[in-house]
Structures are given as C-alpha cells and as structure tokens.
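Shown next, in structure tokens, is the structure this report addresses.
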Amino acid sequence: MSRALTVTDLTVHLGGRRVLHNVNLALDVGEFAGLIGPNGAGKTTLLRSVLGLIRTESGRVDVAGRSGTQARSRIGYVPQRHEFAWDFPITVEDAVMTGRVRRIGWLRRPGVADFDAVAEALERVHMAHLRSRPVGELSGGQRQRVLVARALALRPTLLLLDEPFTGLDMPTQELLIELFRELAHEDKAVLMTTHDLVGAIHECSRLCLINRTIIADGSPVELNDPETWMRTFSIKATNPLLTTLG
Ligand SMILES: Nc1ncnc2c1ncn2[C@@H]1O[C@H](COP(=O)(O)OP(=O)(O)OP(=O)(O)O)[C@@H](O)[C@H]1O
C-alpha cells in the first residue's frame with residue numbers, strides 16, 4: 001500500500017487567528033476517508049492548505065512522496081458547488097477540461113490525451129451525453145457530477161472532496177458514493193469533508209475527526225468512544241447525536 005498524503009505538524013493562521021494547530025494526517029492509496037468536524041473546525045482550510053491555496057504557518061504536506069508544485073499536480077479537488085462560476089458561458093466538456101489546465105499549461109491547446117481524459121471522466125459520472133450542454137443549464141446533481149469529472153480529468157492520486165453531497169437527491173448521492181469507493185479501490189486515496197455523519201460511518205473506511213487539530217483518526221469501528229465525539233463536536237453526553245451514531 002503506498003502513501004498518498006502525509007500532513008505533518010500543519011499550523012495555519014487566518015485573519016490573525018489560529019485555525020489549524022499541529023495537524024498530522026496520513027492517508028494511503030485505497031483509503032476512502034471522511035474528514036468530520038463541526039462548523040468552523042478547519043476542514044475546508046485543511047483541504048485548501050493541502051492544495052497550496054493557503055499560506056501555512058508551519059508544517060509540511062507531501063502527496064505521493066512529493067512536496068510543492070509537483071505534489072499539487074497529483075491532486076484532484078472538488079470544491080463546494082457554489083464556488084464554481086456556473087454562469088460562465090462554457091459547455092460541460094469545456095468545464096471538465098479546465099481540470100486539465102495544470103497539465104496542459106495556460107497557453108497551450110488541449111491534445112488527444114486531454115480529450116481522452118475528459119471523455120473518460122464524463123463517462124465515469126454518467127454525463128457523457130450532456131457534454132455539449134452549457135453548464136448554466138445543469139441541475140444541482142449534474143453540476144456536482146461535472147465538478148467530480150473535472151477533478152478526475154487530471155487522473156489524480158489524491159481526490160479531495162468538500163461536502164460533495166450537500167443538496168443532492170438519494171440516487172445522485174448513491175452514484176457518487178459508489179464512484180468514490182471504486183476510485184479508492186483503484187489507485188487513489190479519497191478524502192471527503194461531510195456533515196452526514198451516519199453516511200460517513202457507513203461508507204468510509206476511515207474517519208478523521210477534526211476540531212482545529214485531529215482529535216481522533218481510525219476506522220468507524222475503532223472510533224466507538226463517545227468521549228471522542230463529544231470532544232470533537234463540543235457536545236454533552238446526553239446529546240441525541242451519540243445515540244444516533246450508536
Ligand atoms: N479567509 C479567511 N479569513 C479569516 N478567517 C477565515 C478565512 N477562511 C476561514 N476562516 C475561519 O477559519 C475557521 C475554519 O473555517 P473552515 O471553513 O475551514 O471550517 P469548516 O470546518 O470547513 O466549516 P464548515 O463545516 O462550516 O464548512 C473558521 O473560524 C472561519 O471563520
């Protein structure tokens with residue numbers, strides 16, 4: 001099993017406040033991990049730090065044994081849906097091709113390999129038949145599938161997903177969860193933030209509980225101590241969430 005991601009002693013300050021403190025996390029190819037924590041816990045900040053989009057105070061990020069720009073070229077990122085410019089007048093195929101820009105270079109034209117990667121990514125999310133549709137005409141579920149295809153077009157080693165199920169109906173959630181599991185079984189590691197705790201416990205092979213730092217990390221079965229969940233979410237022992245999670 002090869003290591004896809006290593007985060008070592010990562011500390012991040014934003015707006016003069018410490019948002020992440022000494023975060024340590026390691027993920028192997030084959031793992032489908034859920035990054036779980038309350039609002040403001042630093043989940044998105046951690047993903048954006050791994051992507052190199054946020055200046056870190058200290059610490060180190062390695063992707064597939066590399067750091068810096070080389071490492072980032074191995075990451076596929078699915079941002080929250082509202083972060084994409086859906087009113088931009090481009091087709092589904094063009095939107096997915098933007099995922100290849102780092103590989104193609106800003107001023108070059110896409111080649112055969114790029115069109116192949118885009119076609120394959122669209123097939124995987126069942127969107128090939130809509131490749132010529134303007135992105136502004138898509139439903140929420142279709143938009144989410146475009147974002148996933150855009151990340152896959154890069155053929156990444158590590159896939160980072162920021163709340164991919166928000167506002168999706170059950171069939172679309174099922175299609176995506178099945179895809180994420182398959183991708184992990186192939187040659188990737190998948191790290192997903194989610195507020196769907198029950199779903200994460202059922203679907204993820206690993207859970208990373210975070211509240212500014214990693215509170216606990218293990219398989220859903222290993223994380224059976226209510227104290228851990230109480231610390232992560234700052235809740236009392238009587239909170240119904242603990243009963244729901246079993
Ligand atoms: N650009 C910024 N400048 C200052 N503070 C920021 C900035 N971005 C995020 N923060 C703060 O960092 C903390 C972590 O935010 P982040 O979005 O990473 O949390 P999260 O766990 O993803 O939350 P949620 O579940 O609500 O999406 C929050 O307190 C937030 O207000």
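Each chain in the structure tokens gets a letter, A, B, ..., in the order shown, and its residues are numbered from 1; ligands are numbered from 1 in order too.
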
Closest atom pairs, residues of region 8-100 of chain A within 8 Å of region 151-168 of chain A, only C-alpha atoms, as a Markdown table:
```
| residue | atom | partner | partner_atom | distance |
| --- | --- | --- | --- | --- |
| A:Val29 | CA | A:Thr157 | CA | 7.6 |
| A:Thr44 | CA | A:Asp162 | CA | 6.7 |
| A:Leu47 | CA | A:Leu160 | CA | 6.8 |
| A:Val63 | CA | A:Leu158 | CA | 7.5 |
| A:Ala64 | CA | A:Thr157 | CA | 7.3 |
| A:Ser73 | CA | A:Pro156 | CA | 7.7 |
| A:Arg74 | CA | A:Pro156 | CA | 4.8 |
| A:Ile75 | CA | A:Leu158 | CA | 4.9 |
| A:Gly76 | CA | A:Ala151 | CA | 4.3 |
| A:Tyr77 | CA | A:Leu160 | CA | 4.8 |
| A:Val78 | CA | A:Leu161 | CA | 4.8 |
| A:Pro79 | CA | A:Asp162 | CA | 5.3 |
| A:Gln80 | CA | A:Asp162 | CA | 5.4 |
| A:Arg81 | CA | A:Pro164 | CA | 7.8 |
| A:Val96 | CA | A:Ala153 | CA | 6.8 |
| A:Met97 | CA | A:Ala153 | CA | 7.2 |
| A:Gly99 | CA | A:Ala151 | CA | 5.8 |
| A:Arg100 | CA | A:Leu154 | CA | 5.4 |
```

Exercise for review: Produce as a ChimeraX atom specification the set of residues near ligand 1, where near means within 10 Å with only C-alpha atoms and all ligand atoms considered.
Suggested key: /A:12-20,35-49,54,80,162-163,193-195,210-212

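Interatomic distance, CA of Gly136 (chain A) against CA of Thr172 (chain A): 18.7 Å.
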
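Considering the residues A:Arg124, A:Arg206, A:Arg55, A:Arg109 and counting only C-alpha atoms, Leu223 (chain A) has its shortest atom-to-atom contact with A:Arg206.
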
**Study point:** All helix (DSSP H, G or I) residues (DSSP, backbone) inside region 14-241 of chain A, as JSON, numbers by chain
**Key:** {"A": [43, 44, 45, 46, 47, 48, 49, 50, 68, 69, 70, 71, 72, 81, 82, 83, 92, 93, 94, 95, 96, 97, 98, 99, 100, 101, 102, 103, 104, 112, 113, 114, 115, 116, 117, 118, 119, 120, 121, 122, 123, 124, 128, 129, 130, 135, 136, 137, 140, 141, 142, 143, 144, 145, 146, 147, 148, 149, 150, 151, 152, 170, 171, 172, 173, 174, 175, 176, 177, 178, 179, 180, 181, 182, 183, 184, 185, 197, 198, 199, 200, 201, 202, 203, 226, 227, 228, 229, 230, 231, 232, 233, 240, 241]}

Check your understanding: So which bits of region 101-171 of chain A end up strand (DSSP E or B) when you DSSP the backbone, as number ranges by chain?
Key -> A: 134, 158-162

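Atom to atom, CA of Ala33 (chain A) and CA of Lys236 (chain A) stand 25.7 Å apart.
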
Practice item. Would you mind listing what lies within 10 Å of Ser132 (chain A) as a PyMOL selection string, with only C-alpha atoms counted and same-chain residues fewer than 3 positions away left out? Key: chain A and resi 90-94+128-129+135

Take the residues from that selection and put them in a file with N, CA and C atoms, as a compact mmCIF listing (two decimals), in the first residue's frame.
```
# COMPACT_ATOMS: atom_id res chain seq x y z
N ILE A 90 -19.77 28.32 -20.80
CA ILE A 90 -18.98 27.20 -21.35
C ILE A 90 -19.80 25.91 -21.27
N THR A 91 -19.39 24.93 -22.08
CA THR A 91 -20.09 23.64 -22.07
C THR A 91 -19.54 22.76 -20.95
N VAL A 92 -20.25 21.66 -20.74
CA VAL A 92 -19.82 20.66 -19.76
C VAL A 92 -18.40 20.19 -20.09
N GLU A 93 -18.17 19.89 -21.36
CA GLU A 93 -16.84 19.38 -21.77
C GLU A 93 -15.74 20.42 -21.47
N ASP A 94 -16.03 21.69 -21.77
CA ASP A 94 -15.05 22.75 -21.50
C ASP A 94 -14.77 22.86 -20.00
N ALA A 128 -21.62 11.84 -20.13
CA ALA A 128 -21.08 11.96 -21.49
C ALA A 128 -22.14 12.50 -22.46
N HIS A 129 -23.41 12.10 -22.25
CA HIS A 129 -24.47 12.53 -23.18
C HIS A 129 -24.76 14.03 -23.06
N VAL A 135 -23.03 24.81 -18.99
CA VAL A 135 -23.07 24.42 -17.57
C VAL A 135 -24.17 25.14 -16.80
```

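Atom pair CA of Pro240 (chain A) / CA of Leu191 (chain A) has a distance of 26.7 Å (rounded to one decimal).
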
Review point. For Met192 (chain A), which of A:Asn22, A:Arg103, A:Thr232, A:Leu27 is the closest residue, counting only C-alpha atoms?
Key: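 Of A:Asn22, A:Arg103, A:Thr232, A:Leu27, the one nearest Met192 (chain A) is A:Leu27, counting only C-alpha atoms.
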
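When the distance limit is 7 Å and only C-alpha atoms are what count, the residues near Ser205 (chain A), minus those fewer than 5 positions from it on the same chain, are A:Glu31, A:Phe32, A:Ala33, A:Ser219.
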
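Residues in contact with Asn239 (chain A) at 12 Å, where only C-alpha atoms are counted and same-chain residues fewer than 6 positions away are skipped, are listed as Pro226, Glu227, Trp229, Met230, Phe233, Leu245 and Gly246 of chain A.
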
Non-local contacts of Gln173 (chain A) (12 Å; only C-alpha atoms; under 2 positions in same chain excluded) as a CSV table (one decimal) with C-alpha atoms, in the first residue's frame:
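part-v8.csv was written with the following content:
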```csv
chain,number,residue,atom,x,y,z
A,125,VAL,CA,-20.0,10.3,-13.8
A,140,GLY,CA,-27.5,20.7,-8.9
A,141,GLY,CA,-26.8,17.0,-9.2
A,142,GLN,CA,-25.5,17.3,-12.7
A,144,GLN,CA,-21.8,18.1,-8.8
A,145,ARG,CA,-21.0,15.4,-11.3
A,163,GLU,CA,-19.0,18.4,1.1
A,164,PRO,CA,-19.9,16.6,-2.2
A,165,PHE,CA,-23.4,15.5,-1.1
A,166,THR,CA,-24.9,18.8,0.0
A,167,GLY,CA,-28.3,19.3,-1.6
A,168,LEU,CA,-28.2,16.1,-3.7
A,169,ASP,CA,-31.0,13.6,-4.0
A,170,MET,CA,-30.5,10.0,-3.0
A,171,PRO,CA,-29.9,8.5,-6.5
A,175,LEU,CA,-24.0,7.1,-7.7
A,176,LEU,CA,-21.2,9.3,-6.3
A,177,ILE,CA,-20.6,7.3,-3.2
A,178,GLU,CA,-20.3,4.1,-5.4
A,179,LEU,CA,-17.8,6.0,-7.6
A,180,PHE,CA,-15.7,7.3,-4.7
A,196,ASP,CA,-23.5,13.4,7.0
A,199,GLY,CA,-23.4,8.2,5.9
A,203,GLU,CA,-19.4,4.4,3.7
```
